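Have a look at my_file-v9.txt; it's compact mmCIF, C-alpha atoms:
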# COMPACT_ATOMS: atom_id res chain seq x y z
CA MET A 1 -26.80 2.28 -2.88
CA GLU A 2 -28.77 -0.87 -3.60
CA ILE A 3 -30.03 -2.96 -0.68
CA THR A 4 -30.76 -6.62 -1.34
CA SER A 5 -31.83 -9.38 1.00
CA ARG A 6 -29.78 -12.08 -0.70
CA PRO A 7 -26.46 -12.22 -2.53
CA GLU A 8 -26.38 -11.64 -6.27
CA SER A 9 -24.21 -13.42 -8.81
CA LEU A 10 -20.50 -12.67 -8.89
CA SER A 11 -20.61 -11.54 -12.52
CA ARG A 12 -22.99 -8.69 -11.72
CA TYR A 13 -20.32 -7.03 -9.59
CA LEU A 14 -17.50 -7.48 -12.11
CA ASN A 15 -18.19 -3.99 -13.38
CA PRO A 16 -15.79 -1.07 -12.78
CA ALA A 17 -18.66 1.39 -13.21
CA ARG A 18 -20.61 -0.27 -10.40
CA PHE A 19 -17.59 -0.14 -8.11
CA ALA A 20 -17.03 3.53 -9.00
CA ASN A 21 -20.69 4.26 -8.29
CA ASP A 22 -20.40 2.55 -4.90
CA LEU A 23 -17.35 4.68 -4.08
CA TRP A 24 -19.18 7.85 -5.08
CA GLN A 25 -22.30 7.04 -3.08
CA GLY A 26 -20.18 6.05 -0.09
CA ARG A 27 -17.85 9.05 -0.31
CA ALA A 28 -19.01 10.46 3.05
CA VAL A 29 -18.19 7.16 4.76
CA LEU A 30 -14.84 7.00 2.95
CA VAL A 31 -13.78 10.45 4.12
CA ARG A 32 -15.00 9.94 7.69
CA PHE A 33 -13.50 6.50 8.27
CA ALA A 34 -10.25 7.15 6.40
CA ALA A 35 -9.72 10.25 8.57
CA ARG A 36 -10.50 8.12 11.64
CA GLU A 37 -7.92 5.52 10.57
CA VAL A 38 -5.27 8.23 10.34
CA SER A 39 -6.20 9.99 13.59
CA LEU A 40 -6.37 6.75 15.64
CA ARG A 41 -2.70 6.10 14.90
CA TYR A 42 -1.67 9.32 16.68
CA ARG A 43 -4.37 9.53 19.35
CA GLY A 44 -2.88 10.27 22.76
CA ALA A 45 0.50 11.36 21.36
CA ARG A 46 1.63 14.76 22.65
CA LEU A 47 2.92 15.80 19.25
CA GLY A 48 -0.19 14.47 17.54
CA ALA A 49 -0.23 14.71 13.75
CA ALA A 50 3.32 16.10 13.75
CA TRP A 51 4.45 12.45 13.90
CA ILE A 52 3.23 12.07 10.31
CA PHE A 53 6.40 13.95 9.28
CA LEU A 54 8.64 13.26 12.28
CA GLN A 55 8.41 9.48 11.96
CA PRO A 56 9.89 9.22 8.44
CA LEU A 57 12.68 11.65 9.35
CA PHE A 58 13.52 9.62 12.47
CA LEU A 59 13.51 6.35 10.51
CA LEU A 60 15.76 7.84 7.83
CA ALA A 61 18.26 8.81 10.53
CA VAL A 62 18.15 5.26 11.93
CA TYR A 63 18.61 3.70 8.48
CA THR A 64 21.55 6.01 7.78
CA VAL A 65 23.33 4.76 10.90
CA ALA A 66 22.37 1.10 10.41
CA PHE A 67 22.92 0.64 6.68
CA SER A 68 25.56 3.30 5.88
CA LEU A 69 27.73 3.42 9.00
CA ILE A 70 27.38 -0.04 10.54
CA MET A 71 26.63 -2.39 7.63
CA LYS A 72 28.35 -0.15 5.03
CA LEU A 73 26.05 -1.32 2.25
CA LYS A 74 26.73 -0.19 -1.31
CA TRP A 75 24.13 0.40 -4.01
CA PRO A 76 25.22 -0.51 -7.57
CA GLU A 77 22.91 2.09 -9.17
CA SER A 78 24.18 4.93 -6.97
CA GLN A 79 26.16 7.67 -8.68
CA ARG A 80 27.09 9.29 -5.38
CA ALA A 81 28.76 7.97 -2.26
CA GLY A 82 26.75 10.11 0.16
CA LEU A 83 26.13 8.97 3.71
CA GLY A 84 22.35 8.86 3.32
CA GLU A 85 22.20 7.35 -0.17
CA VAL A 86 21.69 3.76 0.99
CA ALA A 87 19.29 4.89 3.71
CA MET A 88 17.13 6.67 1.14
CA ALA A 89 17.18 3.62 -1.15
CA VAL A 90 16.03 1.40 1.71
CA TYR A 91 13.36 3.88 2.76
CA CYS A 92 11.99 4.00 -0.79
CA GLY A 93 11.45 0.27 -0.47
CA LEU A 94 9.87 0.47 2.95
CA THR A 95 7.57 3.30 1.84
CA ALA A 96 6.01 1.16 -0.89
CA PHE A 97 5.98 -1.98 1.25
CA GLY A 98 4.32 -0.06 4.08
CA VAL A 99 1.26 0.65 1.95
CA PHE A 100 0.80 -3.01 1.07
CA SER A 101 1.62 -4.42 4.52
CA GLU A 102 -0.74 -2.07 6.37
CA CYS A 103 -3.64 -3.12 4.14
CA ALA A 104 -2.83 -6.83 4.40
CA SER A 105 -2.29 -6.83 8.17
CA ARG A 106 -5.35 -4.75 9.07
CA ALA A 107 -7.87 -6.38 6.75
CA PRO A 108 -8.44 -9.89 8.22
CA THR A 109 -9.94 -8.54 11.46
CA LEU A 110 -11.44 -5.35 10.04
CA LEU A 111 -15.07 -6.46 9.89
CA MET A 112 -14.92 -8.00 13.35
CA GLU A 113 -13.45 -4.80 14.77
CA ASN A 114 -16.33 -2.83 13.25
CA GLN A 115 -19.17 -5.28 13.85
CA ASN A 116 -21.48 -2.50 15.09
CA TYR A 117 -21.34 -0.98 11.61
CA VAL A 118 -21.34 -4.29 9.78
CA LYS A 119 -24.64 -5.29 11.38
CA ARG A 120 -26.37 -2.14 10.14
CA ALA A 121 -28.50 -2.95 7.09
CA ARG A 122 -27.82 0.31 5.25
CA PHE A 123 -24.13 0.67 6.06
CA PRO A 124 -21.81 0.26 3.02
CA VAL A 125 -19.53 -2.38 4.53
CA GLN A 126 -17.44 -2.55 1.37
CA MET A 127 -16.11 0.94 2.14
CA LEU A 128 -14.22 -0.21 5.25
CA PRO A 129 -11.34 -1.97 3.42
CA VAL A 130 -11.13 0.94 0.99
CA CYS A 131 -10.76 3.30 3.98
CA VAL A 132 -7.83 1.24 5.25
CA ALA A 133 -6.23 1.46 1.79
CA LEU A 134 -6.76 5.23 1.74
CA SER A 135 -5.15 5.61 5.17
CA ALA A 136 -2.17 3.47 4.15
CA SER A 137 -1.84 5.43 0.90
CA PHE A 138 -1.90 8.73 2.79
CA HIS A 139 1.04 7.69 4.95
CA GLY A 140 2.85 6.29 1.93
CA LEU A 141 2.45 9.57 0.04
CA VAL A 142 3.66 11.58 3.04
CA ASN A 143 6.78 9.40 3.24
CA LEU A 144 7.26 9.80 -0.49
CA ALA A 145 6.99 13.59 -0.19
CA VAL A 146 9.73 13.55 2.45
CA LEU A 147 11.91 11.41 0.16
CA ILE A 148 11.38 13.77 -2.79
CA MET A 149 12.38 16.79 -0.72
CA LEU A 150 15.46 15.03 0.61
CA GLY A 151 16.35 13.98 -2.92
CA TRP A 152 16.24 17.62 -3.97
CA ILE A 153 18.36 18.66 -0.99
CA VAL A 154 21.00 16.03 -1.78
CA GLY A 155 21.04 16.15 -5.58
CA GLY A 156 19.30 19.36 -6.59
CA PHE A 157 15.84 20.06 -7.97
CA TYR A 158 14.52 17.45 -10.42
CA ALA A 159 10.94 18.08 -11.57
CA PRO A 160 10.13 14.51 -12.80
CA ALA A 161 10.52 13.33 -9.19
CA LEU A 162 7.06 14.81 -8.64
CA LEU A 163 5.72 12.01 -10.84
CA ALA A 164 6.81 9.34 -8.34
CA PRO A 165 3.34 9.13 -6.68
CA ILE A 166 1.89 8.04 -10.03
CA PHE A 167 4.16 4.98 -9.98
CA LEU A 168 2.76 4.12 -6.55
CA MET A 169 -0.80 3.95 -7.92
CA PRO A 170 -0.73 0.33 -9.24
CA LEU A 171 0.41 -0.83 -5.80
CA ILE A 172 -2.36 1.19 -4.12
CA LEU A 173 -4.97 -0.43 -6.38
CA LEU A 174 -3.54 -3.88 -5.70
CA SER A 175 -3.39 -3.21 -1.95
CA CYS A 176 -7.03 -2.09 -1.97
CA GLY A 177 -7.95 -5.36 -3.69
CA VAL A 178 -5.98 -7.36 -1.13
CA ALA A 179 -7.74 -5.49 1.69
CA LEU A 180 -11.16 -6.28 0.19
CA LEU A 181 -10.34 -9.99 -0.22
CA LEU A 182 -8.80 -10.46 3.23
CA ALA A 183 -11.54 -8.44 4.95
CA VAL A 184 -14.34 -10.60 3.57
CA THR A 185 -12.50 -13.92 4.10
CA GLY A 186 -11.12 -13.04 7.54
CA PRO A 187 -14.34 -13.92 9.42
CA ILE A 188 -14.55 -17.22 7.50
CA PHE A 189 -10.91 -18.24 7.97
CA ARG A 190 -9.99 -16.92 11.42
CA ASP A 191 -6.42 -18.21 11.08
CA LEU A 192 -5.68 -15.57 8.45
CA LYS A 193 -4.57 -13.06 11.07
CA GLN A 194 -1.89 -15.56 12.16
CA PHE A 195 -0.91 -16.46 8.61
CA ILE A 196 -0.48 -12.95 7.21
CA PRO A 197 2.56 -11.79 9.31
CA PRO A 198 4.93 -14.58 8.16
CA VAL A 199 3.71 -14.12 4.58
CA LEU A 200 4.51 -10.39 4.78
CA LEU A 201 7.93 -11.23 6.20
CA ALA A 202 8.59 -13.58 3.28
CA ILE A 203 7.46 -10.94 0.78
CA SER A 204 9.75 -8.37 2.40
CA PHE A 205 12.79 -10.63 1.89
CA LEU A 206 11.83 -11.64 -1.67
CA THR A 207 11.28 -8.02 -2.73
CA PRO A 208 14.30 -5.74 -3.38
CA MET A 209 13.62 -3.43 -0.44
CA VAL A 210 16.97 -3.47 1.35
CA TYR A 211 19.03 -4.62 -1.61
CA SER A 212 19.38 -3.70 -5.26
CA PRO A 213 17.47 -5.75 -7.88
CA ARG A 214 20.77 -6.02 -9.74
CA LEU A 215 21.96 -8.38 -7.00
CA VAL A 216 19.18 -10.88 -7.75
CA PRO A 217 20.55 -13.96 -9.60
CA GLU A 218 19.41 -14.35 -13.19
CA ARG A 219 17.40 -17.51 -12.46
CA LEU A 220 15.37 -15.59 -9.86
CA LYS A 221 14.76 -12.42 -11.88
CA TRP A 222 11.11 -13.40 -12.25
CA LEU A 223 10.69 -12.47 -8.58
CA VAL A 224 11.40 -8.88 -9.61
CA ILE A 225 9.80 -8.77 -13.05
CA GLY A 226 6.48 -10.20 -11.87
CA ASN A 227 6.39 -8.34 -8.57
CA PRO A 228 4.27 -5.14 -8.42
CA LEU A 229 6.03 -4.16 -5.22
CA ALA A 230 9.41 -4.38 -6.96
CA PHE A 231 8.11 -2.26 -9.84
CA ALA A 232 6.90 0.47 -7.48
CA ILE A 233 10.11 0.44 -5.45
CA THR A 234 12.52 0.54 -8.39
CA SER A 235 10.46 3.23 -10.16
CA ILE A 236 10.40 5.46 -7.09
CA ARG A 237 14.15 5.05 -6.60
CA GLU A 238 14.78 5.86 -10.24
CA LEU A 239 12.73 9.07 -10.15
CA VAL A 240 13.56 10.32 -6.67
CA MET A 241 17.23 9.35 -6.39
CA TRP A 242 18.76 8.65 -9.79
CA ARG A 243 17.03 11.18 -12.07
CA GLY A 244 15.45 8.56 -14.29
CA ALA A 245 12.26 8.86 -16.34
CA GLY A 246 10.36 5.75 -15.25
CA ASP A 247 8.95 2.96 -17.41
CA TRP A 248 5.59 4.33 -18.55
CA ALA A 249 4.68 1.29 -20.64
CA ALA A 250 5.15 -0.99 -17.63
CA LEU A 251 3.18 1.51 -15.53
CA GLY A 252 0.21 1.19 -17.90
CA ILE A 253 0.35 -2.62 -17.71
CA TRP A 254 0.53 -2.64 -13.91
CA MET A 255 -2.30 -0.08 -13.67
CA VAL A 256 -4.57 -2.35 -15.70
CA ILE A 257 -3.57 -5.39 -13.61
CA GLY A 258 -4.05 -3.51 -10.34
CA ALA A 259 -7.43 -2.08 -11.35
CA GLY A 260 -8.63 -5.45 -12.63
CA PHE A 261 -7.57 -7.18 -9.42
CA MET A 262 -9.30 -4.53 -7.30
CA VAL A 263 -12.59 -4.83 -9.22
CA GLY A 264 -12.39 -8.63 -9.00
CA ALA A 265 -11.80 -8.42 -5.24
CA TYR A 266 -14.75 -6.03 -4.93
CA ALA A 267 -16.96 -8.55 -6.74
CA VAL A 268 -15.90 -11.34 -4.35
CA PHE A 269 -16.52 -9.07 -1.36
CA MET A 270 -20.01 -8.14 -2.52
CA ARG A 271 -20.85 -11.77 -3.27
CA LEU A 272 -19.78 -12.96 0.21
CA LYS A 273 -20.62 -10.02 2.43
CA TYR A 274 -24.14 -11.21 3.30
CA GLU A 275 -22.92 -14.60 4.49
CA VAL A 276 -19.99 -13.00 6.34
CA THR A 277 -22.27 -10.58 8.20
CA ASP A 278 -23.73 -13.53 10.11
CA LEU A 279 -20.24 -14.69 11.16
CA VAL A 280 -19.07 -11.36 12.57

As structure tokens, what does this structure read like?
Amino acid sequence: MEITSRPESLSRYLNPARFANDLWQGRAVLVRFAAREVSLRYRGARLGAAWIFLQPLFLLAVYTVAFSLIMKLKWPESQRAGLGEVAMAVYCGLTAFGVFSECASRAPTLLMENQNYVKRARFPVQMLPVCVALSASFHGLVNLAVLIMLGWIVGGFYAPALLAPIFLMPLILLSCGVALLLAVTGPIFRDLKQFIPPVLLAISFLTPMVYSPRLVPERLKWLVIGNPLAFAITSIRELVMWRGAGDWAALGIWMVIGAGFMVGAYAVFMRLKYEVTDLV
């Protein structure tokens, strides 16, 4: 991995091959720190890593009581009137949102939390936000696996449901880009850590997580059409719950957008990381 004493131009880093090379050369750091991110969440718990699977099952039970029994929500796309149908639809939304929100909430203070590593000349600092994205993606995929199995239990085996993780990929790429941007700007704008929570709350209400996109008024449909979170959520629901096929053309478009955003965020991170090191 190249070591330079001063920042290079932004355009030099706008290269997917360079980013891929950085990831390959920093693969040992990625594995080590991503595993640490996962293990820290369950450190000290008596059941340890078992919570990776117990937590989504517990939350599904809570959502079943809250949304099906108490609020009695209905889902227009649902072909069944099962007790857990609404709970599963909500959990599909929270699974995708969880990936994005974990990256966005952790990133602003990430470099300051790891200043001992940031100050090391040969440490690949740019791997830290990617590790957070990998950890968030791991938990998202575990939740998705639980949803797929429950979908099979409720509605029978449906092989295309196994393709649902692919429709989460654009969101993972976008979330990685967001983590890179917020991580490198967090030490510059210290108020980011206060600003991000209300922004995430606003996004959660403006994204069809706990309601169907069909309920969105026509004049506000752009909030769904131009929302990568909404695309991931509706695609997962379609594959896991309603035996759909997914929109592969839209998937290709969002993959290109997500990858482009991630590479652009990487370029900004690399351009600013030398100045930011002095602020940590």

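The shortest atom-to-atom distance to A:Ala267, with only C-alpha atoms taken into account, belongs to A:Leu10 out of A:Leu10, A:Leu215, A:Val130, A:Val224.
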
Could you name the residues that touch stretch 108-120 of chain A at 8 Å or less, counting only C-alpha atoms, but leaving out those on the same chain fewer than 5 positions away, as an mmCIF file with C-alpha atoms, in the frame of the given file?
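The resulting file, part_39.cif, is shown below:
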data_model
loop_
_atom_site.group_PDB
_atom_site.id
_atom_site.type_symbol
_atom_site.label_atom_id
_atom_site.label_comp_id
_atom_site.auth_asym_id
_atom_site.auth_seq_id
_atom_site.Cartn_x
_atom_site.Cartn_y
_atom_site.Cartn_z
ATOM 1 C CA VAL A 125 -19.530 -2.380 4.530
ATOM 2 C CA LEU A 128 -14.220 -0.210 5.250
ATOM 3 C CA PRO A 129 -11.340 -1.970 3.420
ATOM 4 C CA ALA A 179 -7.740 -5.490 1.690
ATOM 5 C CA LEU A 182 -8.800 -10.460 3.230
ATOM 6 C CA ALA A 183 -11.540 -8.440 4.950
ATOM 7 C CA VAL A 184 -14.340 -10.600 3.570
ATOM 8 C CA THR A 185 -12.500 -13.920 4.100
ATOM 9 C CA GLY A 186 -11.120 -13.040 7.540
ATOM 10 C CA PRO A 187 -14.340 -13.920 9.420
ATOM 11 C CA ARG A 190 -9.990 -16.920 11.420
ATOM 12 C CA LEU A 192 -5.680 -15.570 8.450
ATOM 13 C CA LYS A 193 -4.570 -13.060 11.070
ATOM 14 C CA THR A 277 -22.270 -10.580 8.200
ATOM 15 C CA VAL A 280 -19.070 -11.360 12.570
#

Spatial neighbours of stretch 232-243 of chain A, max dist 6 Å, only C-alpha atoms, sep filter under 3 positions, as an mmCIF file with C-alpha atoms, keeping the file's coordinate frame:
data_model
loop_
_atom_site.group_PDB
_atom_site.id
_atom_site.type_symbol
_atom_site.label_atom_id
_atom_site.label_comp_id
_atom_site.auth_asym_id
_atom_site.auth_seq_id
_atom_site.Cartn_x
_atom_site.Cartn_y
_atom_site.Cartn_z
ATOM 1 C CA GLY A 93 11.450 0.270 -0.470
ATOM 2 C CA ILE A 148 11.380 13.770 -2.790
ATOM 3 C CA GLY A 151 16.350 13.980 -2.920
ATOM 4 C CA ALA A 161 10.520 13.330 -9.190
ATOM 5 C CA ALA A 164 6.810 9.340 -8.340
ATOM 6 C CA PHE A 167 4.160 4.980 -9.980
ATOM 7 C CA LEU A 168 2.760 4.120 -6.550
ATOM 8 C CA LEU A 229 6.030 -4.160 -5.220
ATOM 9 C CA GLY A 246 10.360 5.750 -15.250
#

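Counting from atom CA of A:Val263, the distance to atom CA of A:Met127 is 13.2 Å.
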
- prompt: Could you work out how far atom CA of A:Lys221 lies from atom CA of A:Ile257, giving the answer in Å with one decimal?
  reply: 19.7 Å

message: So that I can check the surroundings of A:Met255, please list as a list of chain:residue names every protein, DNA and RNA residue that reaches within 12 Å of it, counting all atoms listed in the file and ignoring chain neighbours fewer than 6 positions away.
response: A:Ile166, A:Phe167, A:Leu168, A:Met169, A:Pro170, A:Leu171, A:Ile172, A:Leu173, A:Leu174, A:Pro228, A:Phe231, A:Ala232, A:Trp248, A:Ala249, A:Phe261, A:Met262

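In this model, the gap between atom CA of A:Gly258 and atom CA of A:Gly177 comes to 7.9 Å.
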
8 Å contact set for A:Val90, only C-alpha atoms, chain neighbours under 2 positions out, as an MDAnalysis selection string: chainID A and resid 63 86:88 92:94 209:211

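For the residues A:Ala96, A:Ser11, A:Glu85, A:Leu134, ranking by smallest atom-to-atom distance to A:Val38 using only C-alpha atoms places A:Leu134 first.
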
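Closest approach to A:Lys273 among A:Leu69, A:Leu180, A:Ala259, A:Ala230: A:Leu180, based on all atoms listed in the file.
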
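Between A:Phe97 and the candidates A:Ala133, A:Leu200, A:Lys74, A:Ala20, the tightest atom-to-atom separation, counting only C-alpha atoms, involves A:Leu200.
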
message: With all atoms listed in the file as the counted atoms, please give the residues lying no more than 8 Å from A:Thr95, apart from itself and same-chain residues fewer than 4 positions off, as a ChimeraX atom specification.
response: /A:91,99,140,143-144

Would you mind exporting C-alpha atoms of the selected residues as a short mmCIF file (atom, residue, chain, number, x, y, z; two decimals), in the frame of the given file?
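Final output, saved to part06.cif:
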data_model
loop_
_atom_site.label_atom_id
_atom_site.label_comp_id
_atom_site.auth_asym_id
_atom_site.auth_seq_id
_atom_site.Cartn_x
_atom_site.Cartn_y
_atom_site.Cartn_z
CA TYR A 91 13.36 3.88 2.76
CA VAL A 99 1.26 0.65 1.95
CA GLY A 140 2.85 6.29 1.93
CA ASN A 143 6.78 9.40 3.24
CA LEU A 144 7.26 9.80 -0.49
#

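The shortest atom-to-atom distance to A:Arg122, with all atoms listed in the file taken into account, belongs to A:Val29 out of A:Val29, A:Ile225, A:Leu220, A:Leu141.
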
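Nearest-residue note for A:Gly98: choosing from A:Ser137, A:Asn21, A:Ser9, A:Asn15, the minimum distance belongs to A:Ser137, counting all atoms listed in the file.
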